[in-house]
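Raw entry_23.txt, compact mmCIF, C-alpha atoms and all ligand atoms:
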```
# COMPACT_ATOMS: atom_id res chain seq x y z
CA MET A 979 17.79 14.41 11.92
CA ASN A 980 17.72 10.62 12.07
CA TYR A 981 17.15 8.71 8.88
CA SER A 982 17.12 5.23 7.45
CA ILE A 983 17.19 3.77 3.94
CA CYS A 984 15.12 0.98 2.36
CA TYR A 985 16.09 -0.08 -1.14
CA LYS A 986 15.58 -2.68 -3.80
CA LYS A 987 18.85 -4.58 -4.01
CA GLU A 988 18.22 -5.70 -7.60
CA THR A 989 18.19 -2.16 -8.97
CA ILE A 990 20.17 0.03 -6.55
CA THR A 991 23.92 -0.47 -6.20
CA ASP A 992 25.78 -0.34 -2.88
CA MET A 993 27.88 2.43 -4.40
CA TYR A 994 24.78 4.56 -4.90
CA ILE A 995 23.70 3.98 -1.29
CA GLU A 996 27.18 4.93 -0.04
CA SER A 997 27.13 8.21 -1.97
CA LEU A 998 23.60 8.97 -0.69
CA LYS A 999 24.74 8.32 2.89
CA LYS A 1000 27.77 10.60 2.43
CA LYS A 1001 25.62 13.43 1.09
CA LEU A 1002 23.10 13.05 3.91
CA LYS A 1003 25.85 13.03 6.53
CA LYS A 1004 27.29 16.24 5.10
CA ASN A 1005 23.85 17.80 5.54
CA GLY A 1006 23.46 16.82 9.18
CA PHE A 1007 21.53 13.55 8.83
CA VAL A 1008 22.39 10.70 11.18
CA TYR A 1009 21.78 7.09 10.17
CA ASN A 1010 19.50 5.36 12.67
CA GLU A 1011 17.67 2.30 11.45
CA GLU A 1012 15.73 1.86 14.70
CA ASP A 1013 14.23 5.31 15.10
CA PRO A 1014 14.35 7.30 11.88
CA GLN A 1015 12.49 10.56 11.35
CA TYR A 1016 12.97 10.16 7.60
CA VAL A 1017 12.91 6.93 5.63
CA PHE A 1018 14.35 7.23 2.14
CA PHE A 1019 13.11 4.40 -0.05
CA LEU A 1020 14.73 3.62 -3.37
CA GLY A 1021 13.29 1.28 -5.98
CA GLY A 1022 9.66 1.04 -7.01
CA ASP A 1023 6.21 1.06 -5.43
CA GLY A 1024 6.91 -2.36 -3.96
CA THR A 1025 9.82 -0.78 -2.06
CA PHE A 1026 7.41 1.72 -0.51
CA LEU A 1027 5.18 -1.14 0.66
CA ARG A 1028 8.16 -2.89 2.25
CA ALA A 1029 9.36 0.32 3.94
CA VAL A 1030 5.91 1.04 5.39
CA HIS A 1031 5.54 -2.51 6.73
CA LYS A 1032 9.01 -2.40 8.27
CA TYR A 1033 8.06 0.69 10.28
CA VAL A 1034 4.35 0.02 10.72
CA GLU A 1035 4.62 0.43 14.51
CA LYS A 1036 6.31 3.84 14.23
CA LEU A 1037 4.46 5.52 11.34
CA ASP A 1038 3.40 8.59 13.35
CA PHE A 1039 7.01 9.70 13.76
CA ILE A 1040 8.28 9.00 10.24
CA LYS A 1041 8.25 10.86 6.94
CA PHE A 1042 8.77 8.71 3.84
CA VAL A 1043 10.56 10.06 0.76
CA GLY A 1044 10.90 8.03 -2.44
CA LEU A 1045 13.59 7.90 -5.13
CA ASN A 1046 12.57 5.98 -8.20
CA ALA A 1047 14.99 3.65 -9.89
CA GLY A 1048 12.89 2.58 -12.85
CA THR A 1049 9.78 3.91 -14.50
CA LEU A 1050 7.91 6.52 -12.52
CA GLY A 1051 6.17 4.92 -9.55
CA PHE A 1052 3.06 6.08 -7.76
CA PHE A 1053 4.81 6.83 -4.49
CA LEU A 1054 8.25 7.96 -5.66
CA ASP A 1055 8.39 11.51 -6.99
CA TYR A 1056 12.16 11.86 -7.41
CA SER A 1057 14.41 9.90 -9.73
CA THR A 1058 17.74 8.53 -8.50
CA THR A 1059 19.49 11.24 -10.57
CA GLU A 1060 17.72 13.96 -8.52
CA ILE A 1061 19.42 13.11 -5.24
CA ASP A 1062 20.81 16.66 -4.69
CA GLU A 1063 17.46 18.27 -5.40
CA LEU A 1064 15.78 15.84 -2.99
CA ILE A 1065 18.19 16.61 -0.13
CA SER A 1066 17.85 20.34 -0.66
CA ASP A 1067 14.04 20.07 -0.78
CA VAL A 1068 13.99 18.09 2.48
CA ILE A 1069 16.31 20.57 4.21
CA ASN A 1070 14.40 23.62 2.96
CA ASN A 1071 11.02 22.08 3.66
CA ASN A 1072 10.14 22.44 0.02
CA LEU A 1073 7.88 19.37 -0.06
CA HIS A 1074 4.24 18.57 0.60
CA LEU A 1075 3.49 16.23 3.44
CA ILE A 1076 0.52 14.05 2.59
CA LYS A 1077 -1.07 11.71 5.12
CA TYR A 1078 -2.59 8.58 3.62
CA PRO A 1079 -4.70 6.29 5.80
CA LEU A 1080 -3.83 2.60 5.85
CA LEU A 1081 -6.30 -0.23 5.54
CA GLN A 1082 -6.92 -2.10 8.75
CA GLY A 1083 -8.07 -5.71 8.76
CA GLU A 1084 -9.44 -7.67 11.69
CA ILE A 1085 -8.97 -11.38 11.09
CA ILE A 1086 -11.38 -13.08 13.41
CA SER A 1087 -11.25 -16.69 14.55
CA LYS A 1088 -12.78 -18.38 17.59
CA LYS A 1089 -9.56 -18.06 19.51
CA GLU A 1090 -8.36 -14.59 18.61
CA THR A 1091 -8.64 -11.44 16.54
CA LYS A 1092 -5.55 -10.52 14.61
CA THR A 1093 -5.03 -6.99 13.26
CA ILE A 1094 -3.20 -6.37 10.00
CA TYR A 1095 -2.43 -3.18 8.10
CA ALA A 1096 -2.00 -2.56 4.38
CA VAL A 1097 -1.24 0.27 2.00
CA ASN A 1098 -2.76 -1.22 -1.18
CA GLU A 1099 -5.23 -3.94 -0.36
CA ILE A 1100 -6.33 -6.79 1.89
CA ARG A 1101 -7.27 -9.98 0.02
CA VAL A 1102 -9.08 -13.17 0.88
CA GLU A 1103 -8.18 -15.77 -1.70
CA SER A 1104 -8.85 -19.44 -2.16
CA PRO A 1105 -6.83 -20.89 -5.00
CA CYS A 1106 -7.99 -24.55 -4.74
CA HIS A 1107 -11.74 -24.57 -4.19
CA SER A 1108 -14.29 -21.80 -4.31
CA LEU A 1109 -14.51 -19.42 -1.44
CA VAL A 1110 -18.07 -18.80 -0.26
CA CYS A 1111 -18.80 -15.88 2.04
CA ASP A 1112 -21.41 -13.38 3.06
CA VAL A 1113 -20.46 -9.83 2.18
CA ALA A 1114 -21.84 -7.03 4.34
CA ILE A 1115 -21.27 -3.29 4.44
CA ASP A 1116 -21.77 -1.85 7.92
CA ASP A 1117 -23.62 -5.05 8.86
CA HIS A 1118 -26.06 -4.76 5.94
CA LYS A 1119 -25.85 -7.93 3.86
CA LEU A 1120 -25.03 -7.32 0.22
CA GLU A 1121 -24.60 -10.84 -1.18
CA THR A 1122 -23.33 -14.35 -0.75
CA PHE A 1123 -20.21 -14.39 -2.88
CA ALA A 1124 -18.64 -17.49 -4.41
CA GLY A 1125 -15.45 -17.47 -6.43
CA ASN A 1126 -11.68 -17.29 -6.04
CA GLY A 1127 -11.69 -14.37 -3.69
CA LEU A 1128 -12.35 -10.76 -2.84
CA ILE A 1129 -10.08 -7.81 -2.29
CA VAL A 1130 -10.61 -4.56 -0.47
CA ALA A 1131 -8.36 -1.85 -1.88
CA SER A 1132 -7.59 1.65 -0.68
CA SER A 1133 -7.47 4.48 -3.18
CA LEU A 1134 -3.67 4.08 -3.13
CA GLY A 1135 -4.06 0.42 -4.06
CA SER A 1136 -6.77 1.03 -6.63
CA SER A 1137 -4.14 1.22 -9.39
CA ALA A 1138 -2.51 -2.09 -8.38
CA TYR A 1139 -4.18 -5.53 -8.09
CA ASN A 1140 -7.59 -3.86 -8.01
CA LYS A 1141 -7.00 -2.43 -11.49
CA SER A 1142 -6.08 -5.86 -12.86
CA LEU A 1143 -9.47 -7.08 -11.63
CA GLY A 1144 -11.27 -4.37 -13.60
CA GLY A 1145 -11.74 -2.06 -10.62
CA ALA A 1146 -11.78 1.71 -11.06
CA ILE A 1147 -8.74 3.82 -10.29
CA ILE A 1148 -9.50 6.23 -7.46
CA GLN A 1149 -7.70 9.54 -7.01
CA HIS A 1150 -5.16 8.89 -4.25
CA ASP A 1151 -6.31 11.48 -1.75
CA LEU A 1152 -9.94 10.32 -1.62
CA PRO A 1153 -10.48 8.24 1.52
CA LEU A 1154 -12.54 5.37 0.04
CA LEU A 1155 -12.72 1.57 0.06
CA GLU A 1156 -13.11 -0.49 -3.11
CA LEU A 1157 -14.34 -4.08 -3.07
CA SER A 1158 -13.41 -6.17 -6.13
CA GLU A 1159 -14.19 -9.75 -7.07
CA ILE A 1160 -11.73 -12.42 -8.20
CA ALA A 1161 -13.36 -14.85 -10.64
CA ALA A 1162 -16.89 -14.76 -9.22
CA ILE A 1163 -19.22 -17.66 -9.93
CA GLN A 1164 -22.58 -16.58 -11.37
CA ASN A 1165 -25.15 -19.35 -11.58
CA ASN A 1166 -28.46 -20.41 -10.08
CA ALA A 1167 -26.79 -21.11 -6.76
CA TYR A 1168 -24.62 -17.99 -6.49
CA ARG A 1169 -25.13 -14.45 -7.64
CA SER A 1170 -22.92 -11.47 -6.81
CA LEU A 1171 -22.67 -7.84 -7.86
CA ALA A 1172 -20.22 -8.72 -10.67
CA SER A 1173 -18.66 -5.28 -10.54
CA SER A 1174 -16.39 -3.41 -8.20
CA LEU A 1175 -18.06 -1.44 -5.44
CA ILE A 1176 -16.67 1.80 -4.03
CA VAL A 1177 -17.91 2.87 -0.60
CA GLY A 1178 -17.03 5.67 1.79
CA GLY A 1179 -14.00 5.49 4.01
CA ASP A 1180 -16.23 5.44 7.10
CA LYS A 1181 -17.71 2.06 6.11
CA LYS A 1182 -16.78 -1.40 7.35
CA ILE A 1183 -16.63 -4.23 4.84
CA SER A 1184 -17.13 -7.66 6.36
CA LEU A 1185 -16.61 -11.07 4.79
CA LYS A 1186 -18.08 -13.92 6.84
CA GLY A 1187 -17.89 -17.59 6.08
CA THR A 1188 -16.74 -21.03 7.05
CA PHE A 1189 -13.34 -20.51 5.52
CA SER A 1190 -10.89 -23.28 4.90
CA ASP A 1191 -7.58 -23.24 3.03
CA ILE A 1192 -7.81 -19.50 2.44
CA ILE A 1193 -4.93 -17.11 2.06
CA ILE A 1194 -5.11 -13.66 3.59
CA GLY A 1195 -2.93 -11.35 1.52
CA PHE A 1196 -2.03 -7.81 2.48
CA ASP A 1197 0.25 -5.90 0.12
CA HIS A 1198 3.27 -8.17 -0.50
CA GLU A 1199 2.63 -10.13 2.68
CA ILE A 1200 0.64 -13.25 3.37
CA LEU A 1201 -1.02 -14.54 6.51
CA LYS A 1202 -1.38 -18.28 6.11
CA GLU A 1203 -4.47 -19.52 7.85
CA GLU A 1204 -3.42 -20.97 11.17
CA LYS A 1205 -6.74 -21.15 12.94
CA LYS A 1206 -10.26 -21.39 11.60
CA ILE A 1207 -11.08 -17.91 10.40
CA SER A 1208 -14.75 -16.96 10.48
CA GLU A 1209 -14.68 -13.29 9.50
CA VAL A 1210 -12.47 -10.68 7.89
CA ARG A 1211 -13.37 -7.05 8.54
CA VAL A 1212 -11.76 -4.17 6.70
CA ILE A 1213 -11.92 -0.48 7.54
CA LEU A 1214 -9.82 2.59 6.81
CA SER A 1215 -7.49 2.89 9.77
CA ASP A 1216 -6.66 5.83 12.00
CA LYS A 1217 -3.08 4.85 11.26
CA HIS A 1218 -1.55 7.02 8.53
CA VAL A 1219 1.60 6.98 6.47
CA ASN A 1220 3.30 10.35 6.00
CA LEU A 1221 4.58 10.66 2.43
CA MET A 1222 6.65 13.65 1.36
CA ARG A 1223 5.67 14.63 -2.17
CA LYS A 1224 7.28 16.99 -4.66
CA ILE A 1225 5.60 20.38 -4.67
CA ASN A 1226 4.65 19.99 -8.33
CA HIS A 1227 3.36 16.42 -7.88
CA ASN A 1228 0.26 15.84 -9.98
CA TYR A 1229 -1.77 12.65 -9.85
CA ILE A 1230 -2.86 12.74 -13.49
CA ASP A 1231 0.77 13.15 -14.62
CA VAL A 1232 1.67 10.04 -12.62
CA LEU A 1233 -1.23 8.07 -14.11
CA ARG A 1234 -0.24 9.10 -17.62
CA LYS A 1235 3.37 8.11 -17.08
CA ALA A 1236 2.44 4.80 -15.47
CA PHE A 1237 -0.25 3.58 -17.82
CA ILE A 1238 -0.43 5.67 -21.00
CA ILE A 1239 2.95 6.87 -22.13
CA ASP A 1240 6.24 6.58 -20.30
CA LYS A 1241 8.15 9.33 -22.09
CA GLU A 1242 6.84 12.45 -23.75
CA MET A 1243 7.84 12.82 -27.43
P1 LIG B 1301 4.91 -7.12 -7.58
O1 LIG B 1301 4.37 -8.41 -8.06
O2 LIG B 1301 6.28 -6.71 -7.97
O3 LIG B 1301 3.91 -5.94 -7.95
C1 LIG B 1301 3.18 -5.95 -9.11
C2 LIG B 1301 3.21 -4.59 -9.74
O4 LIG B 1301 2.37 -3.69 -9.02
C3 LIG B 1301 4.59 -3.94 -9.78
O5 LIG B 1301 4.77 -3.40 -11.06
C4 LIG B 1301 4.48 -2.85 -8.71
O6 LIG B 1301 5.33 -1.77 -8.98
C5 LIG B 1301 3.04 -2.45 -8.89
N1 LIG B 1301 2.40 -1.71 -7.80
C6 LIG B 1301 2.52 -1.88 -6.46
N2 LIG B 1301 1.72 -1.01 -5.81
C7 LIG B 1301 1.10 -0.27 -6.75
C8 LIG B 1301 0.15 0.79 -6.71
N3 LIG B 1301 -0.34 1.24 -5.54
N4 LIG B 1301 -0.28 1.31 -7.87
C9 LIG B 1301 0.18 0.85 -9.05
N5 LIG B 1301 1.07 -0.14 -9.17
C10 LIG B 1301 1.53 -0.71 -8.03
O7 LIG B 1301 4.79 -7.14 -6.01
P2 LIG B 1301 5.16 -5.99 -5.00
O8 LIG B 1301 6.09 -5.02 -5.63
O9 LIG B 1301 5.54 -6.67 -3.76
O10 LIG B 1301 3.77 -5.27 -4.78
C11 LIG B 1301 2.74 -5.90 -4.09
C12 LIG B 1301 1.49 -5.49 -4.79
O11 LIG B 1301 1.43 -6.14 -6.04
C13 LIG B 1301 0.21 -5.91 -4.09
O12 LIG B 1301 -0.17 -4.98 -3.12
C14 LIG B 1301 -0.78 -5.99 -5.26
O13 LIG B 1301 -1.49 -4.78 -5.41
C15 LIG B 1301 0.10 -6.14 -6.48
N6 LIG B 1301 -0.24 -7.37 -7.15
C16 LIG B 1301 -0.86 -7.27 -8.34
C17 LIG B 1301 -1.30 -8.41 -9.00
C18 LIG B 1301 -2.01 -8.24 -10.28
O14 LIG B 1301 -2.15 -7.11 -10.74
N7 LIG B 1301 -2.50 -9.33 -10.88
C19 LIG B 1301 -1.07 -9.67 -8.46
C20 LIG B 1301 -0.41 -9.74 -7.23
C21 LIG B 1301 -0.01 -8.57 -6.58
P3 LIG B 1301 6.92 -1.84 -8.72
O15 LIG B 1301 7.47 -2.69 -9.81
O16 LIG B 1301 7.32 -0.41 -8.85
O17 LIG B 1301 7.16 -2.43 -7.37
MN MN B 1302 7.66 -5.01 -7.05
```
Rewritten as structure tokens:
Amino acid sequence: MNYSICYKKETITDMYIESLKKKLKKNGFVYNEEDPQYVFFLGGDGTFLRAVHKYVEKLDFIKFVGLNAGTLGFFLDYSTTEIDELISDVINNNLHLIKYPLLQGEIISKKETKTIYAVNEIRVESPCHSLVCDVAIDDHKLETFAGNGLIVASSLGSSAYNKSLGGAIIQHDLPLLELSEIAAIQNNAYRSLASSLIVGGDKKISLKGTFSDIIIGFDHEILKEEKKISEVRVILSDKHVNLMRKINHNYIDVLRKAFIIDKEM
């Protein structure tokens, strides 16, 4: 079995990586950064995002397995002290494979349409002057929004930036899209929903406007506007990420550990 490793250099030592590689080799795994069947990612949720983006062209063939180096993350079910348990679970197929759809964004300008993918969210932000755009769901106009920006989050991303904007947390395995506002202007000229909107995963969210100086953010990445963008469309993609989860993984336990109490008394 071919594998590769993605890790957060600030929290994982080279010594730890060496010992992981040795253990994997002993168990028949072959390091292959180009074409891995397994990607072990070590760090936090941000490390998962980086690992997925690194292999975004090869996601169909890869299973991701996470080892958490800090507090319990949303995508990392094992801690770095459970390395032996993890290897034995992988070898004995004692894990659940869960397929999560990615977000797909079409960034449309006169000249071209660019496609981007994201795990958490796709954002249109304008830090200097207000962004004005028409928001439509499946080509039905909802509003003309004005403010600092809008984000479309997946259920996976609902607990990240979306949560900071007051959006609801969505159970990870529900295929939905959530639209949230960033500092919306509400006055006699502009009026928007002023709350997050959750729609089905079969919907298309479109943001149309005469954009200038906007930033398109997707997970930890940024697409600086190069050409005049006239529309950003977001759907749930056919592209999936395969995440191997512990058999006893429970979403509510993860939520509790992340946001309510880190350690049980
Ligand atoms: P970061 O600035 O280190 O991430 C911010 C925090 O979000 C980190 O604590 C990260 O966890 C956590 N996080 C990432 N994905 C999450 C998820 N699906 N559910 C709950 N928490 C999550 O940047 P990053 O590590 O590169 O992550 C990029 C993400 O940061 C973006 O996709 C966006 O969602 C989020 N972000 C949030 C805000 C905000 O809340 N105001 C602003 C910018 C970006 P780890 O420490 O384990 O990596
Ligand atoms: Mn991070």
Would you mind telling me which residue in A:Val1030, A:Val1008, A:Leu1045, A:Leu1185 lies nearest to Ile990 in chain A when using only C-alpha atoms? A:Leu1045
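Non-sequential neighbours of His1118 in chain A (distance at most 10 Å, separation of 2 or more positions within a chain, only C-alpha atoms) are Val1113, Ala1114, Ile1115, Asp1116, Leu1120, Glu1121, Lys1182, Ile1183 and Ser1184 of chain A.
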Find the residues of chain A that sit at most 8 Å from ligand MN 1302 (chain B); for each, write down the nearest two atoms and how far apart they are in Å, to one decimal. Count all atoms listed in the file. Sort by chain, then by number going up, and give it as a Markdown table.
```
| residue | atom | partner | partner_atom | distance |
| --- | --- | --- | --- | --- |
| A:Gly1022 | CA | B:MN1302 | MN | 6.4 |
| A:Asp1023 | CA | B:MN1302 | MN | 6.4 |
| A:Gly1024 | CA | B:MN1302 | MN | 4.1 |
| A:Thr1025 | CA | B:MN1302 | MN | 6.9 |
```
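Using only C-alpha atoms, the nearest neighbour of Ala1047 in chain A within the list A:Glu1099, A:Glu988, A:Asp1231, A:Asp1216 is A:Glu988.
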Write out, as a Markdown table, each residue of chain A that has an atom at most 8 Å from ligand LIG 1301 (chain B), together with the closest pair of atoms and their distance in Å to one decimal, counting all atoms listed in the file, rows going by chain and rising number.
```
| residue | atom | partner | partner_atom | distance |
| --- | --- | --- | --- | --- |
| A:Gly1021 | CA | B:LIG1301 | O16 | 6.8 |
| A:Gly1022 | CA | B:LIG1301 | O16 | 3.3 |
| A:Asp1023 | CA | B:LIG1301 | O16 | 3.9 |
| A:Gly1024 | CA | B:LIG1301 | O8 | 3.2 |
| A:Thr1025 | CA | B:LIG1301 | O17 | 6.2 |
| A:Leu1027 | CA | B:LIG1301 | O10 | 7.0 |
| A:Arg1028 | CA | B:LIG1301 | O9 | 7.6 |
| A:Gly1048 | CA | B:LIG1301 | O16 | 7.5 |
| A:Thr1049 | CA | B:LIG1301 | O16 | 7.5 |
| A:Leu1050 | CA | B:LIG1301 | O16 | 7.9 |
| A:Gly1051 | CA | B:LIG1301 | O16 | 5.5 |
| A:Phe1052 | CA | B:LIG1301 | N4 | 5.8 |
| A:Phe1053 | CA | B:LIG1301 | N3 | 7.7 |
| A:Val1097 | CA | B:LIG1301 | O12 | 7.4 |
| A:Asn1098 | CA | B:LIG1301 | O12 | 5.0 |
| A:Glu1099 | CA | B:LIG1301 | O12 | 5.9 |
| A:Leu1134 | CA | B:LIG1301 | N3 | 5.0 |
| A:Gly1135 | CA | B:LIG1301 | N3 | 4.1 |
| A:Ser1136 | CA | B:LIG1301 | N3 | 6.5 |
| A:Ser1137 | CA | B:LIG1301 | N4 | 4.1 |
| A:Ala1138 | CA | B:LIG1301 | C9 | 4.0 |
| A:Tyr1139 | CA | B:LIG1301 | O14 | 3.7 |
| A:Asn1140 | CA | B:LIG1301 | O13 | 6.7 |
| A:Lys1141 | CA | B:LIG1301 | O14 | 6.8 |
| A:Ser1142 | CA | B:LIG1301 | O14 | 4.6 |
| A:Leu1143 | CA | B:LIG1301 | N7 | 7.4 |
| A:Phe1196 | CA | B:LIG1301 | O12 | 6.5 |
| A:Asp1197 | CA | B:LIG1301 | O12 | 3.4 |
| A:His1198 | CA | B:LIG1301 | O9 | 4.2 |
| A:Glu1199 | CA | B:LIG1301 | O9 | 7.9 |
| A:Ala1236 | CA | B:LIG1301 | C9 | 7.9 |
```
Contacts of Ile1040 in chain A within 7 Å, all atoms listed in the file, excl. fewer than 6 positions in-chain, as an mmCIF file with C-alpha atoms, in the coordinates of the input:
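Now in part02.cif:
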```
data_model
loop_
_atom_site.group_PDB
_atom_site.id
_atom_site.type_symbol
_atom_site.label_atom_id
_atom_site.label_comp_id
_atom_site.auth_asym_id
_atom_site.auth_seq_id
_atom_site.Cartn_x
_atom_site.Cartn_y
_atom_site.Cartn_z
ATOM 1 C CA PRO A 1014 14.350 7.300 11.880
ATOM 2 C CA GLN A 1015 12.490 10.560 11.350
ATOM 3 C CA TYR A 1016 12.970 10.160 7.600
ATOM 4 C CA VAL A 1017 12.910 6.930 5.630
ATOM 5 C CA ASN A 1220 3.300 10.350 6.000
#
```
Residue neighbourhood Asp1062 in chain A, 12 Å, only C-alpha atoms, exclusion window fewer than 3 positions, as number ranges by chain: A: 997-1002, 1004-1005, 1045, 1056-1059, 1065-1069
Please write N, CA, C and O atoms of range 1042-1058 of chain A, from the structure given just now, as a PDB file, in the first residue's frame.
```pdb
ATOM      1  N   PHE A1042      -8.016   9.417   3.458  1.00  0.00           N
ATOM      2  CA  PHE A1042      -7.328  10.294   4.400  1.00  0.00           C
ATOM      3  C   PHE A1042      -7.550   9.795   5.824  1.00  0.00           C
ATOM      4  O   PHE A1042      -8.652   9.403   6.189  1.00  0.00           O
ATOM      5  N   VAL A1043      -6.470   9.799   6.608  1.00  0.00           N
ATOM      6  CA  VAL A1043      -6.555   9.397   8.019  1.00  0.00           C
ATOM      7  C   VAL A1043      -5.836  10.436   8.859  1.00  0.00           C
ATOM      8  O   VAL A1043      -4.680  10.775   8.581  1.00  0.00           O
ATOM      9  N   GLY A1044      -6.495  10.958   9.904  1.00  0.00           N
ATOM     10  CA  GLY A1044      -5.927  12.057  10.676  1.00  0.00           C
ATOM     11  C   GLY A1044      -5.451  11.689  12.075  1.00  0.00           C
ATOM     12  O   GLY A1044      -6.089  10.917  12.778  1.00  0.00           O
ATOM     13  N   LEU A1045      -4.295  12.249  12.432  1.00  0.00           N
ATOM     14  CA  LEU A1045      -3.746  12.110  13.793  1.00  0.00           C
ATOM     15  C   LEU A1045      -3.642  13.508  14.385  1.00  0.00           C
ATOM     16  O   LEU A1045      -2.954  14.374  13.837  1.00  0.00           O
ATOM     17  N   ASN A1046      -4.325  13.712  15.481  1.00  0.00           N
ATOM     18  CA  ASN A1046      -4.396  15.045  16.054  1.00  0.00           C
ATOM     19  C   ASN A1046      -3.272  15.347  17.022  1.00  0.00           C
ATOM     20  O   ASN A1046      -2.963  14.551  17.895  1.00  0.00           O
ATOM     21  N   ALA A1047      -2.686  16.521  16.831  1.00  0.00           N
ATOM     22  CA  ALA A1047      -1.532  16.886  17.662  1.00  0.00           C
ATOM     23  C   ALA A1047      -1.923  17.842  18.779  1.00  0.00           C
ATOM     24  O   ALA A1047      -1.151  18.074  19.706  1.00  0.00           O
ATOM     25  N   GLY A1048      -3.113  18.402  18.719  1.00  0.00           N
ATOM     26  CA  GLY A1048      -3.479  19.359  19.770  1.00  0.00           C
ATOM     27  C   GLY A1048      -4.786  18.960  20.399  1.00  0.00           C
ATOM     28  O   GLY A1048      -4.967  17.828  20.815  1.00  0.00           O
ATOM     29  N   THR A1049      -5.699  19.918  20.463  1.00  0.00           N
ATOM     30  CA  THR A1049      -7.040  19.602  20.945  1.00  0.00           C
ATOM     31  C   THR A1049      -7.731  18.802  19.853  1.00  0.00           C
ATOM     32  O   THR A1049      -7.324  18.814  18.711  1.00  0.00           O
ATOM     33  N   LEU A1050      -8.783  18.111  20.218  1.00  0.00           N
ATOM     34  CA  LEU A1050      -9.449  17.252  19.242  1.00  0.00           C
ATOM     35  C   LEU A1050      -9.991  18.061  18.069  1.00  0.00           C
ATOM     36  O   LEU A1050     -10.673  19.044  18.252  1.00  0.00           O
ATOM     37  N   GLY A1051      -9.641  17.682  16.881  1.00  0.00           N
ATOM     38  CA  GLY A1051     -10.105  18.389  15.684  1.00  0.00           C
ATOM     39  C   GLY A1051     -11.351  17.724  15.131  1.00  0.00           C
ATOM     40  O   GLY A1051     -11.747  16.653  15.579  1.00  0.00           O
ATOM     41  N   PHE A1052     -11.944  18.350  14.136  1.00  0.00           N
ATOM     42  CA  PHE A1052     -13.163  17.798  13.556  1.00  0.00           C
ATOM     43  C   PHE A1052     -12.879  16.635  12.618  1.00  0.00           C
ATOM     44  O   PHE A1052     -13.717  15.790  12.402  1.00  0.00           O
ATOM     45  N   PHE A1053     -11.683  16.621  12.036  1.00  0.00           N
ATOM     46  CA  PHE A1053     -11.393  15.630  11.004  1.00  0.00           C
ATOM     47  C   PHE A1053     -10.343  14.621  11.438  1.00  0.00           C
ATOM     48  O   PHE A1053      -9.911  13.796  10.643  1.00  0.00           O
ATOM     49  N   LEU A1054      -9.874  14.724  12.692  1.00  0.00           N
ATOM     50  CA  LEU A1054      -8.770  13.871  13.134  1.00  0.00           C
ATOM     51  C   LEU A1054      -9.227  13.078  14.350  1.00  0.00           C
ATOM     52  O   LEU A1054      -9.368  13.625  15.433  1.00  0.00           O
ATOM     53  N   ASP A1055      -9.495  11.786  14.159  1.00  0.00           N
ATOM     54  CA  ASP A1055     -10.087  10.992  15.223  1.00  0.00           C
ATOM     55  C   ASP A1055      -9.072  10.328  16.149  1.00  0.00           C
ATOM     56  O   ASP A1055      -9.414   9.887  17.233  1.00  0.00           O
ATOM     57  N   TYR A1056      -7.810  10.248  15.703  1.00  0.00           N
ATOM     58  CA  TYR A1056      -6.782   9.622  16.535  1.00  0.00           C
ATOM     59  C   TYR A1056      -5.874  10.705  17.104  1.00  0.00           C
ATOM     60  O   TYR A1056      -5.680  11.748  16.484  1.00  0.00           O
ATOM     61  N   SER A1057      -5.301  10.428  18.289  1.00  0.00           N
ATOM     62  CA  SER A1057      -4.301  11.362  18.791  1.00  0.00           C
ATOM     63  C   SER A1057      -2.933  10.803  18.412  1.00  0.00           C
ATOM     64  O   SER A1057      -2.812   9.627  18.060  1.00  0.00           O
ATOM     65  N   THR A1058      -1.906  11.651  18.484  1.00  0.00           N
ATOM     66  CA  THR A1058      -0.574  11.204  18.049  1.00  0.00           C
ATOM     67  C   THR A1058      -0.026  10.099  18.971  1.00  0.00           C
ATOM     68  O   THR A1058       0.929   9.425  18.608  1.00  0.00           O
TER      69      THR A1058
END
```
